[in-house]
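Chemist: My questions all concern the structure below.
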Amino acid sequence: MNRWIIIILFSAWHCFFQPAAGAYAQEEEAKTAPSALNGAVVLDASNRSTTQHSLKIDNKKINYTATAASITVQSEQSAPVGRIFYICYCIQQKGQDKRPLTFVFNGGPGAASAYLHIGAIGPQRVVFNEDGSVPPMPARIVENSKSWLAFTDLVFVDPIGTGYSREIKQDQSTVQKNNESKTLKFSDNPTGRAKAWGVEEDIDSLARFIRAYLTQEDRWLSPIYLVGESYGGFRVARLSELLQSDFGIALNGLVLISPALDFSVLWGDERSLWPWVALLPSYAATAAIHQRSEQTAYVAEHPRESVAEAEQFAMTDYLTGLAAGSLEQDRFNLMSRLTGLDAQDVKRWAGRVPPVFFAKQLLSDKGFLVSLYDGSITQIDPNPARQILAGGDPYLDRLNAPVTAAFNSYVRNQLNFRTDLPYLILNEAVFESWNWRSGIQGEQGFVEAVTDLKQALSLNPDMRVFIAHGVFDLVTPYFASEIAIRQMGLHQLIRNNISLNIYHGGHMPYLHRKSLDAMFQDAGRFYSRSK
C-alpha cells in the first residue's frame with residue numbers, strides 16, 4: 001500500500017484516482033513492527049498522573065489541575081472492550097459541576113487528539129509560523145494564551161488504537177477476585193480489526209467512555225459539549241444523537257472543525273455532482289491567495305466574501321452543467337479564471353478537476369505544489385514531471401514531526417506521565433481495518449452524520465452547533481458543510497442553531513495565528529450563548 005495521504009477520510013480524488021492509497025501520513029511510532037507493539041506494555045489504572053499548573057489568559061491567571069489517565073470501557077454485556085486514555089484539564093472552583101465540560105476528539109479514523117490538544121485549544125501549544133507553515137526543528141511548546149480552558153474544562157480523548165488507548169483481548173483477561181487487580185492482555189491489533197474499529201462501534205465505545213467519566217468525576221450536572229475535528233466532527237455529530245437517545249446525556253453544544261458530515265458530498269467520480277461543487281470555492285480561494293485568479297481578489301479578513309462569485313457559480317451554472325452532462329465553453333473559461341488553471345485542462349477533466357491535479361498544476365511553472373490540507377501553503381515539488389500528486393502531502397508529513405515531538409516531550413516532562421507504550425498519533429491499522437459498513441443503512445450508500453445531527457437538534461432544540469472551516473481546505477472543503485446544512489431541512493425553530501464560520505487557513509485553520517485568535521474569540525461567544 002502507498003503511504004497515506006489524508007488524515008481523515010477518502011476524498012473525491014482518492015476514490016476516483018488513488019484507489020490503492022491509504023488515508024494519512026503516519027508518524028514513526030505507528031510504523032513500529034507489530035511484534036514490538038502487540039502486548040509489549042500494559043497501561044492500567046496505576047498509570048495515572050495528576051499535576052498542578054497555572055496559565056495566563058487575557059491577563060488573568062488561571063490555576064488548573066491536569067490529569068493523564070485511562071478508563072476501561074465495557075460492552076453492553078459488561079465485558080471489557082478497551083482502555084481509553086485521556087488528559088483532562090479542570091479549574092477547581094466553587095460550583096465546579098456548573099462549569100462547562102468539553103470532550104475533544106480528532107479524526108482519522110486512527111488519529112489521536114494531539115492535534116487539537118497542542119495545536120489549538122489545550123493550555124500548551126506547539127509553535128508554528130504566523131502563516132501556518134512549519135518552523136525549523138526542534139519543536140517548541142509554549143503557553144497557549146488562547147486556550148479554551150478560559151471558558152470550559154477540557155477532556156482530550158484518544159479512541160481505542162490511538163494515543164495510549166488499546167483494545168483489551170477479552171479471551172485473555174482474568175476475572176477479578178477478592179479485590180485483586182485484573183490482569184488484562186492489551187493489543188495494538190496490527191493485523192485484525194478491534195471491536196471498536198467501525199462507525200457504530202466507535203461511537204458506542206466513546207459514548208460509554210463519556211458516561212464512565214461523568215460518573216467517575218461526578219460531572220453529571222455540568223453543561224456538556226463535544227468538539228471534533230475532521231472525522232472527529234463526524235463522530236461528534238453522530239454522538240450527539242446516541243448520547244441522548246441511549247445514554248440520557250443531552251448536550252449543550254457541539255463544535256465541529258473541518259468536519260466530514262456527509263461522505264456523499266465528499267466522495268466522487270465522473271458522475272458525481274456535489275463533491276465537485278463543494279471544491280470549487282476553495283479552489284478559487286487558493287488561486288486568489290497565490291494571485292492566479294482573474295476573478296477573485298482575496299481579502300484575509302473576509303475569506304468567504306472573497307469567493308462569493310465562485311459560490312454562486314458553483315450552485316448555479318456549474319451544478320446544472322454537470323447535471324446536464326456537459327459544460328459550455330464559456331463555463332470552462334470561467335472555471336479557468338476562477339481556479340487559475342488552463343481552460344484546456346479544465347475541459348479535459350470535463351469540469352471535474354481533482355485536487356491531486358489542482359495541487360500540482362496551480363504553481364507548476366514555479367516548481368511548487370500547494371498542500372491539500374492548506375492551499376495557501378506551498379512546498380517544492382519533488383516530482384515536477386508528474387501530472388498529479390502521488391504519495392504523502394508534504395505539508396502534512398512535515399507538520400507531523402513537531403506535533404509528535406512536542407507532545408511526547410510535554411506528556412512526560414510537564415504532565416509527569418510515564419509509560420514505555422508508544423503514543424500512536426496516527427495508527428495505520430485502525431483506518432485499514434475500519435468497518436464503514438456498520439454506519440450505512442441498507443445494502444449500499446455512503447456514511448453520513450447529517451441524519452443524526454438533525455435528530456439530535458430536533459429532540460434537543462436548546463443544543464447549539466458551531467462549525468469552523470478553513471477556506472483553503474481541499475480535504476474537507478467548507479462548502480461541503482454549507483451544502484449539507486442546506487440539505488438538512490431543519491425546522492424554522494432550530495434553523496439558526498447552526499453557525500458556519502469560515503477562517504483564513506486550511507484543514508487545521510488554527511495553525512494560522514490570526515485564525516487561532518479568531519476561533520478563540522468566536523468559541524468563547526458560542527459557549528457563553530449556549531450555556
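Ligands are numbered from 1 in the order shown, chains are lettered A, B, ... in the order of the C-alpha cells, and residues start at 1 in each chain.
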Please run DSSP on the backbone and report, as JSON, numbers by chain, all residues within region 145-320 of chain A that come out as alpha helix (DSSP H).

Modeler: {"A": [199, 200, 201, 202, 203, 204, 205, 206, 207, 208, 209, 210, 211, 212, 213, 214, 215, 216, 231, 232, 233, 234, 235, 236, 237, 238, 239, 240, 241, 242, 243, 244, 245, 246, 247, 274, 275, 276, 277, 278, 279, 280, 281, 282, 283, 284, 285, 286, 287, 288, 289, 303, 304, 305, 306, 308, 309, 310, 311, 312, 313, 319, 320]}

Chemist: Of the candidates A:His53, A:His469, A:Lys360, A:Lys366, which shows the shortest atom-to-atom distance to Leu389 (chain A), using only C-alpha atoms?

Modeler: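 Residue with the minimum atom-to-atom distance to Leu389 (chain A): A:Lys360.
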
Chemist: Using only C-alpha atoms, what does the table of region 83-139 of chain A residues within 9 Å of region 506-519 of chain A look like, with each row giving the shortest atom pair and its distance in Å to one decimal, sorted by chain and ascending number, as a tab-separated table?

Modeler:
```
residue	atom	partner	partner_atom	distance
A:Tyr115	CA	A:Met508	CA	8.6
A:Leu116	CA	A:Met508	CA	8.7
A:Gly119	CA	A:Leu511	CA	6.8
A:Ala120	CA	A:Tyr510	CA	5.9
A:Ile121	CA	A:Leu516	CA	8.9
A:Val127	CA	A:Leu511	CA	8.6
A:Phe128	CA	A:Leu511	CA	6.5
A:Asn129	CA	A:His512	CA	7.5
A:Glu130	CA	A:Arg513	CA	5.0
A:Asp131	CA	A:His512	CA	5.0
A:Gly132	CA	A:His512	CA	4.3
A:Ser133	CA	A:Leu511	CA	7.9
```

Chemist: Using DSSP on the backbone coordinates, identify the residues of region 59-303 of chain A assigned to strand (DSSP E); present them as number ranges by chain.

Modeler: A: 60-74, 80-90, 101-105, 124-126, 141-143, 153-158, 166-169, 185-187, 224-229, 253-257

Chemist: Determine, counting only C-alpha atoms, which protein, DNA and RNA residues have an atom within 12 Å of an atom of Gly445 (chain A); residues of the same chain fewer than 2 positions away are not included. Present the result as a PyMOL selection string.

Modeler: chain A and resi 262-265+267+436-443+447-448

Chemist: Need the shell around region 303-307 of chain A: protein/DNA/RNA residues with any atom at most 7 Å away, counting only C-alpha atoms. Skip same-chain ones fewer than 6 positions apart. Format as a ChimeraX atom specification?

Modeler: /A:281,284-285,296-297,471,502-504

Chemist: How would the residues just picked look written out with N, CA and C atoms as a PDB file, in the first residue's frame?

Modeler:
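So again.pdb came out as:
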```pdb
ATOM      1  N   PRO A 281     -15.242  26.618  -4.595  1.00  0.00           N
ATOM      2  CA  PRO A 281     -14.889  27.847  -3.884  1.00  0.00           C
ATOM      3  C   PRO A 281     -13.509  27.791  -3.229  1.00  0.00           C
ATOM      4  N   ALA A 284     -10.960  28.446  -5.818  1.00  0.00           N
ATOM      5  CA  ALA A 284     -10.908  29.871  -6.129  1.00  0.00           C
ATOM      6  C   ALA A 284     -10.127  30.639  -5.068  1.00  0.00           C
ATOM      7  N   ALA A 285     -10.333  30.303  -3.801  1.00  0.00           N
ATOM      8  CA  ALA A 285      -9.610  30.979  -2.725  1.00  0.00           C
ATOM      9  C   ALA A 285      -8.116  30.696  -2.812  1.00  0.00           C
ATOM     10  N   THR A 296     -11.092  36.562  -8.580  1.00  0.00           N
ATOM     11  CA  THR A 296     -11.199  36.723  -7.131  1.00  0.00           C
ATOM     12  C   THR A 296     -10.067  37.563  -6.575  1.00  0.00           C
ATOM     13  N   ALA A 297     -10.415  38.598  -5.827  1.00  0.00           N
ATOM     14  CA  ALA A 297      -9.438  39.385  -5.075  1.00  0.00           C
ATOM     15  C   ALA A 297      -9.565  38.959  -3.621  1.00  0.00           C
ATOM     16  N   VAL A 471     -10.760  28.208   4.651  1.00  0.00           N
ATOM     17  CA  VAL A 471     -11.198  28.410   3.272  1.00  0.00           C
ATOM     18  C   VAL A 471     -10.306  27.693   2.265  1.00  0.00           C
ATOM     19  N   ILE A 502     -16.094  30.619   8.660  1.00  0.00           N
ATOM     20  CA  ILE A 502     -15.005  30.353   7.716  1.00  0.00           C
ATOM     21  C   ILE A 502     -13.810  31.220   8.075  1.00  0.00           C
ATOM     22  N   TYR A 503     -12.627  30.581   8.153  1.00  0.00           N
ATOM     23  CA  TYR A 503     -11.407  31.266   8.578  1.00  0.00           C
ATOM     24  C   TYR A 503     -10.331  31.204   7.494  1.00  0.00           C
ATOM     25  N   HIS A 504      -9.381  32.101   7.642  1.00  0.00           N
ATOM     26  CA  HIS A 504      -8.199  32.107   6.791  1.00  0.00           C
ATOM     27  C   HIS A 504      -7.312  30.952   7.235  1.00  0.00           C
TER      28      HIS A 504
END
```

Chemist: Rank nothing, just name the residue among A:Ser481, A:Asn47, A:Ser458, A:Ser258 nearest to Gly232 (chain A), using only C-alpha atoms.

Modeler: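 Smallest distance to Gly232 (chain A) is found for A:Ser258.
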
Chemist: For region 118-153 of chain A versus region 66-70 of chain A, which residues have an atom no more than 12 Å away, and what is each residue's nearest atom pair and distance in Å rounded to one decimal, using only C-alpha atoms, chain-then-number order, as a Markdown table?

Modeler:
```
| residue | atom | partner | partner_atom | distance |
| --- | --- | --- | --- | --- |
| A:Gly122 | CA | A:Ala66 | CA | 10.7 |
| A:Pro123 | CA | A:Ala66 | CA | 9.8 |
| A:Gln124 | CA | A:Ala66 | CA | 11.6 |
| A:Leu149 | CA | A:Ala66 | CA | 11.3 |
| A:Asp153 | CA | A:Ala66 | CA | 10.2 |
```

Chemist: Export C-alpha atoms of the chosen residues as a PDB file, in the first residue's frame?

Modeler:
```
ATOM      1  CA  GLY A 122      -5.139  22.988  25.232  1.00  0.00           C
ATOM      2  CA  PRO A 123      -3.156  25.032  27.778  1.00  0.00           C
ATOM      3  CA  GLN A 124       0.123  24.425  25.905  1.00  0.00           C
ATOM      4  CA  LEU A 149      -9.706  26.392  29.241  1.00  0.00           C
ATOM      5  CA  ASP A 153     -12.883  22.291  31.344  1.00  0.00           C
TER       6      ASP A 153
END
```

Chemist: Within 12 Å of Gly524 (chain A), counting only C-alpha atoms, which residues qualify if same-chain residues fewer than 5 places away don't, as a PyMOL selection string?

Modeler: chain A and resi 100+121+146-152+255+466+517-519+529-531

Chemist: Take the selection from the previous step and output its residues with C-alpha atoms, as an mmCIF file, in the first residue's frame.

Modeler:
```cif
data_model
loop_
_atom_site.group_PDB
_atom_site.id
_atom_site.type_symbol
_atom_site.label_atom_id
_atom_site.label_comp_id
_atom_site.auth_asym_id
_atom_site.auth_seq_id
_atom_site.Cartn_x
_atom_site.Cartn_y
_atom_site.Cartn_z
ATOM 1 C CA PRO A 100 -18.878 23.575 31.105
ATOM 2 C CA ILE A 121 -7.211 24.574 22.461
ATOM 3 C CA LYS A 146 -5.884 31.256 23.532
ATOM 4 C CA SER A 147 -6.677 28.009 25.333
ATOM 5 C CA TRP A 148 -10.368 27.180 25.600
ATOM 6 C CA LEU A 149 -9.706 26.392 29.241
ATOM 7 C CA ALA A 150 -10.697 30.044 29.697
ATOM 8 C CA PHE A 151 -14.371 29.053 29.369
ATOM 9 C CA THR A 152 -14.581 25.247 29.695
ATOM 10 C CA VAL A 255 -18.031 22.330 17.852
ATOM 11 C CA PHE A 466 -20.590 25.780 15.853
ATOM 12 C CA ASP A 517 -7.122 34.137 17.840
ATOM 13 C CA ALA A 518 -10.387 34.499 15.902
ATOM 14 C CA MET A 519 -11.541 30.966 16.715
ATOM 15 C CA ARG A 529 -24.607 31.860 24.414
ATOM 16 C CA SER A 530 -25.244 28.113 24.646
ATOM 17 C CA LYS A 531 -24.990 27.573 28.407
#
```

Chemist: With only C-alpha atoms as the atoms that count, which of A:Lys169, A:Ser272, A:Asp330, A:Arg337 lies nearest to Ser293 (chain A)?

Modeler: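 Smallest separation from Ser293 (chain A) among the options: A:Arg337.
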
Chemist: Suppose you want the space between CA of Leu327 (chain A) and CA of Gly351 (chain A); what is it in Å?

Modeler: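 Computing the Euclidean distance for CA of Leu327 (chain A) and CA of Gly351 (chain A) yields 7.2 Å.
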
Chemist: Fewer than 3 positions away in the same chain doesn't count, so skip those; otherwise give me all residues within 6 Å of region 398-404 of chain A, counting only C-alpha atoms, as a ChimeraX atom specification.

Modeler: /A:139,395,407

Chemist: Quick one: of A:Leu254, A:Leu319, A:Val475, A:Ala310, who's nearest to Arg352 (chain A), counting only C-alpha atoms?

Modeler: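 Checking each candidate against Arg352 (chain A), we get A:Leu319 as the closest.
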
Chemist: List as JSON lines every residue of region 75-184 of chain A that is in contact with region 409-413 of chain A, defined as an atom at most 10 Å from one of its atoms (using only C-alpha atoms), together with the nearest atom pair and the distance in Å rounded to one decimal, sorted by chain and then rising number.

Modeler:
```
{"residue": "A:Ile87", "atom": "CA", "partner": "A:Val411", "partner_atom": "CA", "distance": 9.3}
{"residue": "A:Ile118", "atom": "CA", "partner": "A:Tyr410", "partner_atom": "CA", "distance": 9.2}
{"residue": "A:Gln124", "atom": "CA", "partner": "A:Tyr410", "partner_atom": "CA", "distance": 8.5}
{"residue": "A:Arg125", "atom": "CA", "partner": "A:Tyr410", "partner_atom": "CA", "distance": 9.8}
{"residue": "A:Val126", "atom": "CA", "partner": "A:Tyr410", "partner_atom": "CA", "distance": 9.8}
{"residue": "A:Ala139", "atom": "CA", "partner": "A:Ser409", "partner_atom": "CA", "distance": 9.7}
{"residue": "A:Arg140", "atom": "CA", "partner": "A:Ser409", "partner_atom": "CA", "distance": 9.9}
{"residue": "A:Ile141", "atom": "CA", "partner": "A:Tyr410", "partner_atom": "CA", "distance": 7.9}
```

Chemist: So that I can see what lies close to Tyr283 (chain A), please list as a PyMOL selection string the residues with an atom at most 10 Å from it, counting only C-alpha atoms and leaving out residues fewer than 2 positions away in the same chain.

Modeler: chain A and resi 278-281+285-288+293+307+310+335+338-341+353+355+358-359+362+375+471-474+477

Chemist: With only C-alpha atoms as the basis for distance, which of A:Gly198, A:Arg208, A:Ala350, A:Gln344 is at the shortest distance from Ser78 (chain A)?

Modeler: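 Looking at the shortest contact to Ser78 (chain A), the residue is A:Arg208.
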